[in-house]
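Student: Below you'll find upload-v1.tsv; it's TSV, C-alpha atoms.
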chain	number	residue	atom	x	y	z
A	1	MET	CA	18.55	95.13	24.45
A	2	VAL	CA	19.23	91.98	22.42
A	3	ILE	CA	22.84	91.99	23.57
A	4	ASP	CA	21.64	91.79	27.17
A	5	PHE	CA	19.85	88.52	26.46
A	6	ASP	CA	23.00	86.86	25.11
A	7	VAL	CA	24.33	85.84	28.53
A	8	ASP	CA	27.12	83.51	27.41
A	9	GLY	CA	28.32	85.84	24.63
A	10	ASP	CA	28.18	83.31	21.80
A	11	GLY	CA	26.02	85.53	19.57
A	12	LYS	CA	22.98	83.26	19.81
A	13	ILE	CA	20.00	83.80	22.04
A	14	THR	CA	18.54	80.57	23.35
A	15	PRO	CA	15.19	80.09	25.09
A	16	GLU	CA	17.08	79.32	28.30
A	17	GLU	CA	18.86	82.67	28.11
A	18	ILE	CA	15.56	84.47	27.53
A	19	ALA	CA	13.96	82.67	30.50
A	20	MET	CA	16.94	83.46	32.72
A	21	LYS	CA	16.89	87.14	31.74
A	22	GLU	CA	13.14	87.33	32.41
A	23	ARG	CA	13.65	85.81	35.88
A	24	MET	CA	16.43	88.31	36.57
A	25	LEU	CA	14.18	91.21	35.52
A	26	GLU	CA	11.39	89.90	37.77
A	27	VAL	CA	13.77	89.74	40.72
A	28	GLU	CA	14.99	93.29	40.05
A	29	ILE	CA	11.43	94.60	39.85
A	30	ARG	CA	10.48	92.85	43.13
A	31	GLU	CA	13.57	94.27	44.80
A	32	GLU	CA	12.76	97.81	43.63
A	33	LYS	CA	9.19	97.41	44.90
A	34	ALA	CA	10.43	96.20	48.29
A	35	GLU	CA	12.85	99.13	48.55
A	36	SER	CA	10.06	101.59	47.72
A	37	GLN	CA	7.79	100.05	50.33
A	38	LYS	CA	10.55	100.19	52.94
A	39	PHE	CA	11.15	103.86	52.15
A	40	MET	CA	7.43	104.63	52.49
A	41	ALA	CA	7.32	102.89	55.86
A	42	TRP	CA	10.35	104.83	57.16
A	43	VAL	CA	8.87	108.13	55.95
A	44	ALA	CA	5.56	107.32	57.65
A	45	MET	CA	7.30	106.49	60.93
A	46	GLY	CA	9.41	109.63	60.68
A	47	MET	CA	6.35	111.80	60.06
A	48	MET	CA	4.59	110.35	63.10
A	49	ILE	CA	7.61	111.04	65.29
A	50	VAL	CA	8.04	114.60	63.99
A	51	PHE	CA	4.36	115.45	64.36
A	52	THR	CA	4.29	114.00	67.87
A	53	ILE	CA	7.29	116.10	68.87
A	54	ILE	CA	5.74	119.23	67.36
A	55	LEU	CA	2.43	118.59	69.15
A	56	PHE	CA	4.15	118.42	72.55
A	57	THR	CA	6.11	121.65	72.09
A	58	PRO	CA	4.66	125.08	72.70
A	59	LEU	CA	4.69	125.80	68.95
A	60	ILE	CA	1.03	124.80	68.64
A	61	SER	CA	-1.61	125.95	71.11
A	62	ASP	CA	-3.85	123.50	72.95
A	63	ALA	CA	-6.94	124.99	71.33
A	64	ARG	CA	-5.55	124.30	67.86
A	65	VAL	CA	-4.59	120.73	68.81
A	66	ASN	CA	-8.10	120.15	70.17
A	67	ALA	CA	-9.58	121.53	66.95
A	68	LEU	CA	-7.44	119.19	64.88
A	69	ALA	CA	-7.84	116.15	67.13
A	70	ASP	CA	-10.07	114.18	64.75
A	71	LEU	CA	-7.83	114.90	61.77
A	72	LEU	CA	-4.72	113.96	63.73
A	73	GLY	CA	-6.33	110.68	64.77
A	74	VAL	CA	-6.98	109.78	61.15
A	75	PHE	CA	-3.42	110.82	60.27
A	76	TYR	CA	-1.89	108.51	62.87
A	77	ILE	CA	-4.15	105.60	61.86
A	78	ALA	CA	-3.22	106.05	58.21
A	79	GLN	CA	0.49	106.24	58.95
A	80	THR	CA	0.43	103.18	61.18
A	81	GLY	CA	-1.48	101.39	58.40
A	82	VAL	CA	1.37	102.08	56.00
A	83	VAL	CA	3.94	100.81	58.50
A	84	ALA	CA	1.84	97.74	59.37
A	85	ALA	CA	1.34	96.87	55.70
A	86	TYR	CA	5.10	96.92	55.24
A	87	MET	CA	5.69	94.67	58.24
Represent the supplied structure as structure tokens.
Tutor:
Amino acid sequence: MVIDFDVDGDGKITPEEIAMKERMLEVEIREEKAESQKFMAWVAMGMMIVFTIILFTPLISDARVNALADLLGVFYIAQTGVVAAYM
């Protein structure tokens, strides 16, 4: 770990090198967070599309869809909340 902080390779770790390494770690962490959020948004959009397609096929009866209507409404609101928070 100490070797990583020695950016210029002179064998001495200066406060500037420590500060630069900390900034680089912060940027990497922010980038990983952004990638995770983007993945969550794509999964949420994909789930909404798949469930909508399944609901309009004859795989599920109308009676079952009517019984699950309230739950499906909450599902769509939650998924759009995830996508909207990403945007």
Student: Using only C-alpha atoms, which residues sit within 12 Å of Phe75 in chain A once same-chain residues fewer than 3 positions away are excluded, as a list in words?
Tutor: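 The contact residues come out as Ala44, Met45, Met47, Met48, Phe51, Thr52, Leu68, Ala69, Asp70, Leu71, Leu72, Ala78, Gln79, Thr80, Gly81 and Val82 of chain A.
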Student: Do a neighbour search on Glu17 in chain A at 8 Å with all atoms listed in the file, toss out local chain neighbours closer than 3 positions, and write the hits as an mmCIF file with C-alpha atoms, in the coordinates of the input.
Tutor:
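Dumped everything to part15.cif:
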data_model
loop_
_atom_site.group_PDB
_atom_site.id
_atom_site.type_symbol
_atom_site.label_atom_id
_atom_site.label_comp_id
_atom_site.auth_asym_id
_atom_site.auth_seq_id
_atom_site.Cartn_x
_atom_site.Cartn_y
_atom_site.Cartn_z
ATOM 1 C CA PHE A 5 19.850 88.520 26.460
ATOM 2 C CA ASP A 6 23.000 86.860 25.110
ATOM 3 C CA VAL A 7 24.330 85.840 28.530
ATOM 4 C CA ILE A 13 20.000 83.800 22.040
ATOM 5 C CA THR A 14 18.540 80.570 23.350
ATOM 6 C CA MET A 20 16.940 83.460 32.720
ATOM 7 C CA LYS A 21 16.890 87.140 31.740
#
Student: Given the choices A:Ile53, A:Met40, A:Ile60, A:Ala67, which gets closest to Ala84 in chain A if the distance is worked out from only C-alpha atoms?
Tutor: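 Result for the nearest residue to Ala84 in chain A: A:Met40.
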Student: Enter the distance from CA of Ile77 in chain A to CA of Trp42 in chain A, in Å, rounded to one decimal.
Tutor: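 Separating CA of Ile77 in chain A from CA of Trp42 in chain A is a distance of 15.3 Å.
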Student: What is the distance, in Å and to one decimal place, between CA of Val43 in chain A and CA of Tyr76 in chain A?
Tutor: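 Straight-line distance from CA of Val43 in chain A to CA of Tyr76 in chain A works out to 12.8 Å.
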